[in-house]
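A.B. asks: My structure is below; once you've seen it, I'll send some questions.
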Protein chains: 2
Amino acid sequence: MATIRDVAKLADVSVSTVSLALSNPARVSQKTLEKIRKAIAAVGFVADPLAQSLARGRSRMIGFVVGNVGNPFFGDIRRELENYALDHEHFVVVTDSSGKTDRERAMVEHLIGLKTAGLALAPSGYDQDYIEFIAGLNVPIVCFDQKVAGIERDFVGSDNYLAGAMLTEHLLQLGHRRIAFITGPSHMHTATERYRGFAETMINAGVDVNPNFIVDGQFTRTAGYEAAMRLLIQHERPTAILGANNTVALSALQAMQELGFRCPEDISLAMIDNVQWSSVITPRITMVVQDTLALGSIIARRLMHRIRSPQGAVEPPEDFVLAPKFVPGNSCRRV
Amino acid sequence: MATIRDVAKLADVSVSTVSLALSNPARVSQKTLEKIRKAIAAVGFVADPLAQSLARGRSRMIGFVVGNVGNPFFGDIRRELENYALDHEHFVVVTDSSGKTDRERAMVEHLIGLKTAGLALAPSGYDQDYIEFIAGLNVPIVCFDQKVAGIERDFVGSDNYLAGAMLTEHLLQLGHRRIAFITGPSHMHTATERYRGFAETMINAGVDVNPNFIVDGQFTRTAGYEAAMRLLIQHERPTAILGANNTVALSALQAMQELGFRCPEDISLAMIDNVQWSSVITPRITMVVQDTLALGSIIARRLMHRIRSPQGAVEPPEDFVLAPKFVPGNSCRRV
DNA sequence: CGGCTCTATCGAACCGGTTCGATTTGATCA
DNA sequence: TGATCAAATCGAACCGGTTCGATAGAGCCG
């Protein structure tokens with residue numbers, strides 16, 4: 001590999017002039033610029049990003065940290081960020097923590113070690129230790145999905161209260177009263193907000209929330225399946241199930257199918273968040289979806305703004321909260 | 001951040017001794033080792049990975065390059081690789097080319113620039129230019145999924161001919177004769193092999209392959225949908241459709257549902273490769289799946305072997321081809 | 001023509017490690 | 001006690017860039 005010194009030698013100028021020509025061409029004379037240009041072409045010089053990062057103390061990489069890159073929600077956001085970053089000569093490094101806080105932390109530390117220019121982070125931690133860890137990072141960070149109380153960073157996400165409330169209201173309008181809710185982990189902001197949207201809408205409508213109808217699905221497949229089973233074996237069964245995310249709702253659908261319940265004839269089902277191939281899942285699940293493209297776009301712009309503009313770096317953190325969208329399916333029937 | 005020089009000063013030894021102590025403790029005396037250990041703890045020293053990579057000419061990162069991280073096939077492999085790499089103090093950097101060859105190339109180049117220790121690559125290119133590009137990379141590489149003729153690297157994948165043949169035989173046994181096949185891109189090894197498995201099995205069974213029943217689905221959703229529609233509007237319709245991958249098959253299911261065809265009553269459907277939530281898709285699609293865990297495990301071990309052991313680096317490339325597995329669903333009926 | 005200001009270029013230090021040949025230390029043996 | 005040799009440690013060069021103060025030269029003015 002050709003180095004900058006090869007170029008300098010061939011162009012008969014100093015190494016620092018070549019470096020200057022590359023980073024700030026206006027400050028180098030036309031004649032010299034031309035010599036350097038030719039030399040670069042002749043030896044096929046490409047600057048070593050590692051050496052640049054070391055010297056500059058900053059790389060052109062953006063870290064993307066989520067719990068599950070396979071989730072289409074994160075996938076869409078990743079794509080948006082990647083496209084935008086690529087347009088601005090930055091490169092996205094994707095890491096997947098599998099939802100484990102300690103692994104996420106190790107990955108963030110690694111990315112910091114790589115002197116990434118910025119981080120797009122869907123936080124999975126929530127305790128004081130974690131908050132301090134994030135606070136201590138001296139890098140532009142845009143958090144998304146999970147709003148963690150105490151983290152003073154830009155946040156981009158959806159109105160989860162509204163999401164829960166919308167589906168609840170929909171079911172109420174269809175005449176349902178015995179509505180069950182499969183929750184997510186109580187430490188997750190999305191989970192609690194969605195539940196709050198459900199519970200408050202119920203109360204406001206004067207409908208009692210049956211504690212037996214609130215089961216914990218942990219946002220995971222196994223827990224969601226188990227939670228759904230607990231609902232289905234009750235004698236006084238719910239007439240509708242609301243899944244706090246796609247995973248628990250589809251686990252519930254599976255449980256229903258396995259036990260022989262028909263959806264929506266026997267039990268209605270609704271969920272928050274889309275899933276790949278939802279269009280071929282029978283019945284099509286009624287859902288509230290997040291505007292992933294808009295979220296991704298905001299994350300990308302906000303992060304690049306902080307990275308690129310000097311004053312962008314010191315702007316106070318801001319929250320961007322988007323409204324979710326109702327997507328009717330045929331998994332909810334009138335009772 | 002504390003540097004190695006801070007450690008050296010505090011421990012009252014030279015910088016090179018500290019470096020040696022870190023990389024090869026056996027060659028440093030107990031006494032000195034202890035001093036250094038204390039100094040490291042005192043100043044909170046952590047080696048800068050960037051500086052290490054620059055000096056060593058090699059980092060502890062592994063590049064994972066695929067066309068679609070959202071595909072559970074790649075997701076499973078990624079997870080296996082990640083777990084194994086983490087156990088061996090390596091860190092996986094995921095990149096997604098969205099199936100675009102030029103972007104994949106840019107990403108590989110970037111990863112090379114990062115001096116990654118090795119690459120797990122699901123190639124998307126196939127022309128001479130691409131082959132030379134890959135050949136020119138002086139880094140351990142394990143290719144998977146697509147076997148590209150001309151690339152002299154380790155390859156890990158499934159027996160795609162067998163996969164196509166298995167499903168074809170299954171449909172033949174159920175009495176189907178008018179079997180349609182939705183293909184993938186003709187430059188993809190997986191696509192041609194699966195088709196070959198289909199076609200030869202048909203011919204061996206003495207069944208003519210109707211050219212109208214071979215449509216190109218490009219392994220994509222839009223092309224698959226269109227291809228399926230072309231099948232469904234024919235007067236002499238197929239009694240069964242075989243999708244060369246999950247995407248085209250599910251696109252076909254969607255097309256069937258939209259036009260009002262019932263599966264499997266009107267048309268049977270089978271596919272190669274699993275998809276998330278296949279268990280709640282009605283009907284459950286009969287499929288042949290790849291052993292993603294085993295594939296991922298082999299990829300991980302092979303790559304780490306080449307990275308770590310000196311002789312591993314020079315071993316001749318090897319192919320690892322696993323047999324796929326038949327997973328019955330209820331999307332194929334006897335005719 | 002001397003003095004002054006700009007502009008263009010350069011040299012050296014630096015980022016934070018690794019590596020390897022050279023040197024010191026200490027033990028062993030004649 | 002001095003020679004020999006292995007083990008321990010060190011110094012300097014290096015990886016490939018960036019940065020900034022210093023310097024040389026060009027252009028302008030009085």
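Every chain in the structure tokens has a letter given in the order shown (A, B, ...), and although residue numbers restart at 1 in each chain, ligands are simply numbered from 1 in the order shown.
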Excluding same-chain residues fewer than 2 positions from A:Glu152, what lies within 9 Å of it counting only C-alpha atoms (C1' of nucleotides), as an MDAnalysis selection string?
C.D. replies: chainID A and resid 131 134:135 148:150 154:155 316:318
A.B. asks: Could you list, as a PDB file with C-alpha atoms (C1' of nucleotides), in the first residue's frame, every residue of chain D that has an atom within 10 Å of an atom of chain B, counting only C-alpha atoms (C1' of nucleotides)?
C.D. replies:
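Saved to selection.pdb:
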ATOM      1  C1'  DA D   7      16.887 -14.175  30.792  1.00  0.00           C
ATOM      2  C1'  DA D   8      15.206  -9.562  31.449  1.00  0.00           C
ATOM      3  C1'  DT D   9      14.907  -5.073  29.984  1.00  0.00           C
ATOM      4  C1'  DC D  10      15.612  -1.178  27.118  1.00  0.00           C
ATOM      5  C1'  DG D  11      15.919   2.269  23.144  1.00  0.00           C
ATOM      6  C1'  DC D  14       8.179   2.217  12.976  1.00  0.00           C
ATOM      7  C1'  DC D  15       2.915   1.998  11.678  1.00  0.00           C
ATOM      8  C1'  DG D  16       0.703   6.210   8.551  1.00  0.00           C
TER       9       DG D  16
END
A.B. asks: Report the residues of stretch 187-226 of chain B whose backbone DSSP state falls under alpha helix (DSSP H), written as a PyMOL selection string.
C.D. replies: chain B and resi 189-204+221-226
A.B. asks: Should the cut-off be 6 Å, what would the residue list for chain A against chain B look like, counting only C-alpha atoms, as a JSON list (two decimals) with C-alpha atoms, in the first residue's frame?
C.D. replies:
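What ended up in out.json:
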[["chain", "number", "residue", "atom", "x", "y", "z"],
["A", 70, "GLY", "CA", -33.21, -8.75, 12.52],
["A", 94, "VAL", "CA", -23.72, -2.21, 13.08],
["A", 254, "GLN", "CA", -49.59, -19.14, 17.82],
["A", 280, "VAL", "CA", -49.55, -13.14, 4.66],
["A", 281, "ILE", "CA", -50.30, -13.91, 8.26],
["A", 282, "THR", "CA", -53.87, -15.01, 8.66]]
A.B. asks: Do you have the atom C1' of C:DC10-atom CA of A:Leu33 distance handy?
C.D. replies: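 Computing the Euclidean distance for atom C1' of C:DC10 and atom CA of A:Leu33 yields 15.5 Å.
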A.B. asks: Tell me which protein, DNA and RNA residues are within 9 Å of A:Phe144, counting only C-alpha atoms (C1' of nucleotides), leaving out same-chain ones fewer than 2 positions away, and put them as a PDB file with N, CA, C and O atoms, in the first residue's frame.
C.D. replies:
ATOM      1  N   ALA A 120     -25.680   5.872  17.266  1.00  0.00           N
ATOM      2  CA  ALA A 120     -27.137   5.767  17.284  1.00  0.00           C
ATOM      3  C   ALA A 120     -27.444   4.564  18.160  1.00  0.00           C
ATOM      4  O   ALA A 120     -27.066   3.444  17.818  1.00  0.00           O
ATOM      5  N   LEU A 121     -28.091   4.824  19.263  1.00  0.00           N
ATOM      6  CA  LEU A 121     -28.181   3.800  20.304  1.00  0.00           C
ATOM      7  C   LEU A 121     -29.616   3.563  20.756  1.00  0.00           C
ATOM      8  O   LEU A 121     -30.302   4.493  21.161  1.00  0.00           O
ATOM      9  N   ALA A 122     -30.042   2.322  20.652  1.00  0.00           N
ATOM     10  CA  ALA A 122     -31.322   1.930  21.249  1.00  0.00           C
ATOM     11  C   ALA A 122     -30.985   1.294  22.590  1.00  0.00           C
ATOM     12  O   ALA A 122     -30.625   0.121  22.648  1.00  0.00           O
ATOM     13  N   PRO A 123     -31.058   2.070  23.663  1.00  0.00           N
ATOM     14  CA  PRO A 123     -30.532   1.604  24.955  1.00  0.00           C
ATOM     15  C   PRO A 123     -31.310   0.416  25.488  1.00  0.00           C
ATOM     16  O   PRO A 123     -32.519   0.320  25.294  1.00  0.00           O
ATOM     17  N   VAL A 142     -27.300   9.796  19.630  1.00  0.00           N
ATOM     18  CA  VAL A 142     -28.741   9.947  19.506  1.00  0.00           C
ATOM     19  C   VAL A 142     -29.354   8.634  19.963  1.00  0.00           C
ATOM     20  O   VAL A 142     -29.075   7.580  19.398  1.00  0.00           O
ATOM     21  N   GLN A 146     -36.069   3.372  23.031  1.00  0.00           N
ATOM     22  CA  GLN A 146     -36.298   3.427  24.478  1.00  0.00           C
ATOM     23  C   GLN A 146     -35.889   4.771  25.047  1.00  0.00           C
ATOM     24  O   GLN A 146     -34.735   5.156  24.963  1.00  0.00           O
ATOM     25  N   LYS A 147     -36.832   5.472  25.633  1.00  0.00           N
ATOM     26  CA  LYS A 147     -36.508   6.691  26.364  1.00  0.00           C
ATOM     27  C   LYS A 147     -36.129   6.277  27.778  1.00  0.00           C
ATOM     28  O   LYS A 147     -36.945   5.689  28.493  1.00  0.00           O
ATOM     29  N   ASP A 154     -30.172  13.377  22.925  1.00  0.00           N
ATOM     30  CA  ASP A 154     -31.261  13.428  21.966  1.00  0.00           C
ATOM     31  C   ASP A 154     -32.002  12.108  22.012  1.00  0.00           C
ATOM     32  O   ASP A 154     -31.401  11.047  22.171  1.00  0.00           O
ATOM     33  N   PHE A 155     -33.306  12.219  21.853  1.00  0.00           N
ATOM     34  CA  PHE A 155     -34.098  10.998  21.797  1.00  0.00           C
ATOM     35  C   PHE A 155     -35.072  11.070  20.631  1.00  0.00           C
ATOM     36  O   PHE A 155     -35.724  12.090  20.405  1.00  0.00           O
ATOM     37  N   VAL A 156     -35.165   9.972  19.906  1.00  0.00           N
ATOM     38  CA  VAL A 156     -36.104   9.896  18.793  1.00  0.00           C
ATOM     39  C   VAL A 156     -36.962   8.648  18.988  1.00  0.00           C
ATOM     40  O   VAL A 156     -36.425   7.552  19.145  1.00  0.00           O
ATOM     41  N   GLY A 157     -38.256   8.836  19.007  1.00  0.00           N
ATOM     42  CA  GLY A 157     -39.110   7.679  19.223  1.00  0.00           C
ATOM     43  C   GLY A 157     -40.557   7.983  18.905  1.00  0.00           C
ATOM     44  O   GLY A 157     -40.883   9.056  18.374  1.00  0.00           O
ATOM     45  N   LEU A 295     -38.514   8.037  11.531  1.00  0.00           N
ATOM     46  CA  LEU A 295     -37.648   7.924  12.709  1.00  0.00           C
ATOM     47  C   LEU A 295     -36.191   7.814  12.277  1.00  0.00           C
ATOM     48  O   LEU A 295     -35.317   8.535  12.776  1.00  0.00           O
ATOM     49  N   ILE A 299     -33.166  10.439  13.103  1.00  0.00           N
ATOM     50  CA  ILE A 299     -31.966   9.971  13.802  1.00  0.00           C
ATOM     51  C   ILE A 299     -30.722  10.308  12.992  1.00  0.00           C
ATOM     52  O   ILE A 299     -29.753  10.863  13.511  1.00  0.00           O
TER      53      ILE A 299
END
A.B. asks: Extract, using only C-alpha atoms (C1' of nucleotides), all DNA, RNA and protein residues at most 9 Å from B:Val248, discarding same-chain residues fewer than 2 positions from it, and format them as a CSV table (one decimal) with all heavy atoms, in the first residue's frame.
C.D. replies:
chain,number,residue,atom,x,y,z
B,182,ILE,N,-40.6,-20.8,-9.1
B,182,ILE,CA,-40.2,-19.4,-9.2
B,182,ILE,C,-38.8,-19.4,-8.8
B,182,ILE,O,-38.3,-19.7,-7.7
B,182,ILE,CB,-41.0,-18.6,-8.1
B,182,ILE,CG1,-42.6,-18.8,-8.3
B,182,ILE,CG2,-40.7,-17.1,-8.3
B,182,ILE,CD1,-43.4,-18.0,-7.4
B,183,THR,N,-38.0,-18.9,-9.8
B,183,THR,CA,-36.5,-19.0,-9.7
B,183,THR,C,-36.0,-17.7,-9.0
B,183,THR,O,-36.6,-16.7,-8.8
B,183,THR,CB,-35.9,-19.1,-11.1
B,183,THR,OG1,-36.1,-17.9,-11.8
B,183,THR,CG2,-36.4,-20.3,-11.8
B,184,GLY,N,-34.7,-17.8,-8.8
B,184,GLY,CA,-33.9,-16.7,-8.3
B,184,GLY,C,-33.0,-16.2,-9.4
B,184,GLY,O,-33.1,-16.7,-10.5
B,217,GLY,N,-38.3,-14.9,-10.2
B,217,GLY,CA,-38.7,-14.1,-9.0
B,217,GLY,C,-37.6,-13.3,-8.4
B,217,GLY,O,-37.8,-12.6,-7.5
B,218,GLN,N,-36.4,-13.5,-8.9
B,218,GLN,CA,-35.2,-12.7,-8.5
B,218,GLN,C,-34.9,-12.7,-7.0
B,218,GLN,O,-34.2,-11.9,-6.5
B,218,GLN,CB,-35.5,-11.2,-8.9
B,218,GLN,CG,-35.4,-10.9,-10.4
B,218,GLN,CD,-33.9,-11.0,-10.9
B,218,GLN,OE1,-33.0,-10.6,-10.2
B,218,GLN,NE2,-33.8,-11.6,-12.1
B,219,PHE,N,-35.5,-13.6,-6.3
B,219,PHE,CA,-35.4,-13.7,-4.9
B,219,PHE,C,-35.9,-12.5,-4.2
B,219,PHE,O,-35.6,-12.2,-3.0
B,219,PHE,CB,-33.9,-13.9,-4.4
B,219,PHE,CG,-33.5,-15.3,-4.6
B,219,PHE,CD1,-32.1,-15.7,-4.4
B,219,PHE,CD2,-34.3,-16.4,-4.8
B,219,PHE,CE1,-31.7,-17.0,-4.5
B,219,PHE,CE2,-33.9,-17.7,-4.9
B,219,PHE,CZ,-32.6,-18.0,-4.8
B,220,THR,N,-36.7,-11.6,-4.9
B,220,THR,CA,-37.2,-10.4,-4.2
B,220,THR,C,-38.7,-10.4,-4.1
B,220,THR,O,-39.3,-11.2,-4.8
B,220,THR,CB,-36.8,-9.1,-5.0
B,220,THR,OG1,-37.5,-9.2,-6.3
B,220,THR,CG2,-35.3,-9.1,-5.3
B,221,ARG,N,-39.2,-9.5,-3.3
B,221,ARG,CA,-40.6,-9.5,-3.1
B,221,ARG,C,-41.4,-9.0,-4.3
B,221,ARG,O,-42.4,-9.7,-4.7
B,221,ARG,CB,-40.8,-8.6,-1.9
B,221,ARG,CG,-42.1,-8.8,-1.2
B,221,ARG,CD,-42.1,-8.3,0.2
B,221,ARG,NE,-43.5,-8.4,0.8
B,221,ARG,CZ,-43.7,-8.3,2.1
B,221,ARG,NH1,-42.8,-8.1,2.9
B,221,ARG,NH2,-45.0,-8.4,2.5
B,222,THR,N,-40.9,-7.9,-4.9
B,222,THR,CA,-41.7,-7.4,-6.0
B,222,THR,C,-41.6,-8.3,-7.2
B,222,THR,O,-42.7,-8.6,-7.8
B,222,THR,CB,-41.1,-6.0,-6.4
B,222,THR,OG1,-39.7,-6.1,-6.5
B,222,THR,CG2,-41.5,-4.9,-5.5
B,223,ALA,N,-40.4,-8.8,-7.5
B,223,ALA,CA,-40.3,-9.7,-8.7
B,223,ALA,C,-41.0,-11.0,-8.4
B,223,ALA,O,-41.7,-11.6,-9.3
B,223,ALA,CB,-38.9,-10.0,-9.0
B,224,GLY,N,-41.0,-11.5,-7.2
B,224,GLY,CA,-41.6,-12.7,-6.8
B,224,GLY,C,-43.2,-12.6,-6.9
B,224,GLY,O,-43.8,-13.5,-7.4
B,225,TYR,N,-43.6,-11.5,-6.5
B,225,TYR,CA,-45.1,-11.2,-6.6
B,225,TYR,C,-45.5,-11.2,-8.0
B,225,TYR,O,-46.5,-11.9,-8.4
B,225,TYR,CB,-45.4,-9.9,-5.9
B,225,TYR,CG,-46.8,-9.4,-5.9
B,225,TYR,CD1,-47.7,-9.9,-5.0
B,225,TYR,CD2,-47.2,-8.5,-6.9
B,225,TYR,CE1,-49.0,-9.5,-4.9
B,225,TYR,CE2,-48.6,-8.1,-6.9
B,225,TYR,CZ,-49.4,-8.6,-5.9
B,225,TYR,OH,-50.7,-8.1,-5.9
B,227,ALA,N,-44.0,-12.5,-10.6
B,227,ALA,CA,-43.8,-13.9,-11.2
B,227,ALA,C,-45.0,-14.8,-10.8
B,227,ALA,O,-45.6,-15.5,-11.6
B,227,ALA,CB,-42.5,-14.5,-10.7
B,228,ALA,N,-45.4,-14.7,-9.5
B,228,ALA,CA,-46.5,-15.5,-9.1
B,228,ALA,C,-47.8,-15.1,-9.8
B,228,ALA,O,-48.6,-16.0,-10.2
B,228,ALA,CB,-46.7,-15.3,-7.6
B,243,GLY,N,-41.3,-22.3,-4.5
B,243,GLY,CA,-40.5,-21.0,-4.5
B,243,GLY,C,-39.1,-21.3,-4.2
B,243,GLY,O,-38.8,-22.0,-3.2
B,244,ALA,N,-38.2,-20.7,-5.0
B,244,ALA,CA,-36.8,-21.0,-4.8
B,244,ALA,C,-36.2,-20.4,-3.5
B,244,ALA,O,-35.1,-20.8,-3.1
B,244,ALA,CB,-36.0,-20.6,-6.0
B,245,ASN,N,-36.9,-19.5,-3.0
B,245,ASN,CA,-36.5,-19.0,-1.6
B,245,ASN,C,-37.8,-18.5,-0.9
B,245,ASN,O,-38.9,-18.5,-1.4
B,245,ASN,CB,-35.4,-18.0,-1.6
B,245,ASN,CG,-35.9,-16.6,-1.9
B,245,ASN,OD1,-37.0,-16.4,-2.4
B,245,ASN,ND2,-35.1,-15.6,-1.6
B,246,ASN,N,-37.6,-18.2,0.4
B,246,ASN,CA,-38.7,-17.8,1.2
B,246,ASN,C,-39.4,-16.6,0.7
B,246,ASN,O,-40.7,-16.5,0.6
B,246,ASN,CB,-38.2,-17.5,2.7
B,246,ASN,CG,-36.9,-16.7,2.7
B,246,ASN,OD1,-36.6,-16.0,1.7
B,246,ASN,ND2,-36.3,-16.7,3.8
B,250,LEU,N,-43.4,-16.6,-0.3
B,250,LEU,CA,-44.4,-15.9,0.4
B,250,LEU,C,-45.1,-14.8,-0.4
B,250,LEU,O,-46.3,-14.5,-0.2
B,250,LEU,CB,-43.8,-15.3,1.7
B,250,LEU,CG,-43.4,-16.3,2.7
B,250,LEU,CD1,-42.7,-15.7,3.9
B,250,LEU,CD2,-44.6,-17.1,3.1
B,251,SER,N,-44.3,-14.2,-1.4
B,251,SER,CA,-44.9,-13.3,-2.3
B,251,SER,C,-46.0,-14.1,-3.1
B,251,SER,O,-47.1,-13.5,-3.4
B,251,SER,CB,-43.9,-12.7,-3.3
B,251,SER,OG,-42.9,-12.1,-2.6
B,252,ALA,N,-45.7,-15.3,-3.4
B,252,ALA,CA,-46.7,-16.1,-4.2
B,252,ALA,C,-47.9,-16.3,-3.3
B,252,ALA,O,-49.1,-16.3,-3.8
B,252,ALA,CB,-46.1,-17.4,-4.6
B,253,LEU,N,-47.7,-16.6,-2.0
B,253,LEU,CA,-48.8,-16.8,-1.1
B,253,LEU,C,-49.7,-15.6,-1.1
B,253,LEU,O,-50.9,-15.7,-1.1
B,253,LEU,CB,-48.3,-17.2,0.3
B,253,LEU,CG,-49.4,-17.4,1.3
B,253,LEU,CD1,-50.3,-18.6,0.9
B,253,LEU,CD2,-48.8,-17.7,2.7
B,271,MET,N,-41.5,-24.2,-0.2
B,271,MET,CA,-40.4,-23.2,-0.4
B,271,MET,C,-39.1,-23.7,0.3
B,271,MET,O,-39.1,-24.6,1.1
B,271,MET,CB,-40.8,-21.8,0.3
B,271,MET,CG,-40.9,-21.8,1.8
B,271,MET,SD,-41.4,-20.2,2.4
B,271,MET,CE,-41.4,-20.4,4.2
A.B. asks: Please list as a ChimeraX atom specification every residue within 9 Å of B:Glu132, counting only C-alpha atoms (C1' of nucleotides) and excluding residues in the same chain fewer than 4 positions away.
C.D. replies: /B:127-128,136-137,150-151
A.B. asks: Could you take the residues named above and write them with all heavy atoms, as a compact mmCIF listing (two decimals), in the first residue's frame?
C.D. replies:
# COMPACT_ATOMS: atom_id res chain seq x y z
N ASP B 127 -18.98 -11.58 -11.41
CA ASP B 127 -18.21 -11.42 -12.64
C ASP B 127 -16.70 -11.46 -12.35
O ASP B 127 -16.27 -11.50 -11.20
CB ASP B 127 -18.59 -10.13 -13.37
CG ASP B 127 -18.38 -8.91 -12.48
OD1 ASP B 127 -17.71 -9.04 -11.45
OD2 ASP B 127 -18.90 -7.84 -12.81
N GLN B 128 -15.93 -11.46 -13.43
CA GLN B 128 -14.49 -11.63 -13.34
C GLN B 128 -13.88 -10.55 -12.44
O GLN B 128 -13.01 -10.82 -11.61
CB GLN B 128 -13.89 -11.56 -14.74
CG GLN B 128 -12.46 -12.05 -14.82
CD GLN B 128 -12.31 -13.45 -14.24
OE1 GLN B 128 -13.22 -14.27 -14.35
NE2 GLN B 128 -11.19 -13.72 -13.60
N GLY B 136 -7.78 -10.70 -4.59
CA GLY B 136 -6.70 -9.78 -4.24
C GLY B 136 -6.64 -9.42 -2.77
O GLY B 136 -5.68 -8.79 -2.31
N LEU B 137 -7.64 -9.82 -2.02
CA LEU B 137 -7.67 -9.46 -0.61
C LEU B 137 -6.79 -10.39 0.20
O LEU B 137 -6.94 -11.61 0.14
CB LEU B 137 -9.11 -9.52 -0.09
CG LEU B 137 -10.09 -8.61 -0.82
CD1 LEU B 137 -11.51 -8.82 -0.29
CD2 LEU B 137 -9.68 -7.16 -0.67
N GLY B 150 -14.73 -19.66 -9.19
CA GLY B 150 -13.56 -18.82 -9.41
C GLY B 150 -13.00 -18.23 -8.13
O GLY B 150 -11.84 -17.85 -8.07
N ILE B 151 -13.83 -18.14 -7.10
CA ILE B 151 -13.33 -17.63 -5.83
C ILE B 151 -12.69 -18.77 -5.06
O ILE B 151 -13.36 -19.74 -4.70
CB ILE B 151 -14.45 -16.98 -4.99
CG1 ILE B 151 -14.95 -15.71 -5.67
CG2 ILE B 151 -13.94 -16.66 -3.58
CD1 ILE B 151 -15.95 -14.94 -4.85
A.B. asks: Hey, list the chain C side of the contact with chain A: 9 Å cut-off, only C-alpha atoms (C1' of nucleotides), answer as a ChimeraX atom specification.
C.D. replies: /C:7-11,14-16
A.B. asks: Compare C:DC29, C:DC1, C:DA22, C:DA12 by their minimum atom-to-atom distance to D:DG21, counting only C-alpha atoms (C1' of nucleotides), and give me the closest one.
C.D. replies: C:DA12
A.B. asks: Name the residues in contact with stretch 237-242 of chain A at a cut-off of 10 Å, using only C-alpha atoms (C1' of nucleotides), excluding same-chain residues fewer than 3 positions from it; report them as JSON, numbers by chain.
C.D. replies: {"A": [164, 167, 168, 171, 172, 175, 176, 177, 178, 179, 180, 181, 182, 183, 195, 198, 210, 212, 213, 214, 228, 230, 231, 232, 233, 234, 245, 248, 249, 252, 253, 263, 264, 265, 266, 267, 268, 269, 270, 271, 272, 286, 287, 331, 332, 333, 335]}
A.B. asks: Would you mind telling me which residue in C:DT23, C:DT5, C:DT18, C:DT28 lies nearest to D:DG27 when using only C-alpha atoms (C1' of nucleotides)?
C.D. replies: C:DT5
A.B. asks: Ranking D:DA6, D:DC29, D:DC20, D:DA13 by minimum distance to C:DG26 and counting only C-alpha atoms (C1' of nucleotides), which one comes first?
C.D. replies: D:DA6
A.B. asks: Report, in Å to a single decimal, how far apart atom CA of A:Asn160 and atom CA of A:Ala323 are.
C.D. replies: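 Atom CA of A:Ala323 sits 8.3 Å away from atom CA of A:Asn160.
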A.B. asks: Counting only C-alpha atoms (C1' of nucleotides), what is within 9 Å of A:Asp6, bar same-chain residues fewer than 5 positions away, as an mmCIF file with all heavy atoms, in the first residue's frame?
C.D. replies:
data_model
loop_
_atom_site.group_PDB
_atom_site.id
_atom_site.type_symbol
_atom_site.label_atom_id
_atom_site.label_comp_id
_atom_site.auth_asym_id
_atom_site.auth_seq_id
_atom_site.Cartn_x
_atom_site.Cartn_y
_atom_site.Cartn_z
ATOM 1 N N ALA A 11 5.908 13.584 -5.673
ATOM 2 C CA ALA A 11 5.481 14.940 -6.041
ATOM 3 C C ALA A 11 6.550 15.962 -5.672
ATOM 4 O O ALA A 11 6.423 17.143 -5.987
ATOM 5 C CB ALA A 11 4.164 15.269 -5.346
ATOM 6 N N VAL A 15 5.649 15.878 3.247
ATOM 7 C CA VAL A 15 4.498 15.077 3.666
ATOM 8 C C VAL A 15 3.372 15.971 4.160
ATOM 9 O O VAL A 15 2.204 15.757 3.844
ATOM 10 C CB VAL A 15 4.922 14.101 4.787
ATOM 11 C CG1 VAL A 15 3.699 13.494 5.433
ATOM 12 C CG2 VAL A 15 5.821 13.020 4.210
ATOM 13 N N ALA A 39 0.670 12.519 -8.494
ATOM 14 C CA ALA A 39 1.424 11.536 -7.714
ATOM 15 C C ALA A 39 0.487 10.551 -7.033
ATOM 16 O O ALA A 39 0.749 9.337 -6.998
ATOM 17 C CB ALA A 39 2.291 12.248 -6.687
ATOM 18 N N ILE A 40 -0.592 11.070 -6.517
ATOM 19 C CA ILE A 40 -1.566 10.208 -5.844
ATOM 20 C C ILE A 40 -2.104 9.174 -6.819
ATOM 21 O O ILE A 40 -2.188 7.978 -6.506
ATOM 22 C CB ILE A 40 -2.724 11.055 -5.259
ATOM 23 C CG1 ILE A 40 -2.247 11.794 -4.019
ATOM 24 C CG2 ILE A 40 -3.919 10.171 -4.937
ATOM 25 C CD1 ILE A 40 -3.280 12.725 -3.414
ATOM 26 N N VAL A 43 0.709 6.449 -7.720
ATOM 27 C CA VAL A 43 1.007 5.388 -6.753
ATOM 28 C C VAL A 43 -0.253 4.730 -6.227
ATOM 29 O O VAL A 43 -0.189 3.764 -5.475
ATOM 30 C CB VAL A 43 1.842 5.921 -5.567
ATOM 31 C CG1 VAL A 43 3.153 6.520 -6.064
ATOM 32 C CG2 VAL A 43 1.056 6.935 -4.762
ATOM 33 N N PHE A 45 -2.599 6.056 -4.173
ATOM 34 C CA PHE A 45 -2.657 6.295 -2.732
ATOM 35 C C PHE A 45 -4.088 6.391 -2.217
ATOM 36 O O PHE A 45 -4.943 7.046 -2.820
ATOM 37 C CB PHE A 45 -1.918 7.600 -2.411
ATOM 38 C CG PHE A 45 -2.152 8.100 -1.016
ATOM 39 C CD1 PHE A 45 -1.524 7.499 0.055
ATOM 40 C CD2 PHE A 45 -3.003 9.166 -0.780
ATOM 41 C CE1 PHE A 45 -1.733 7.955 1.345
ATOM 42 C CE2 PHE A 45 -3.217 9.630 0.508
ATOM 43 C CZ PHE A 45 -2.578 9.026 1.571
#
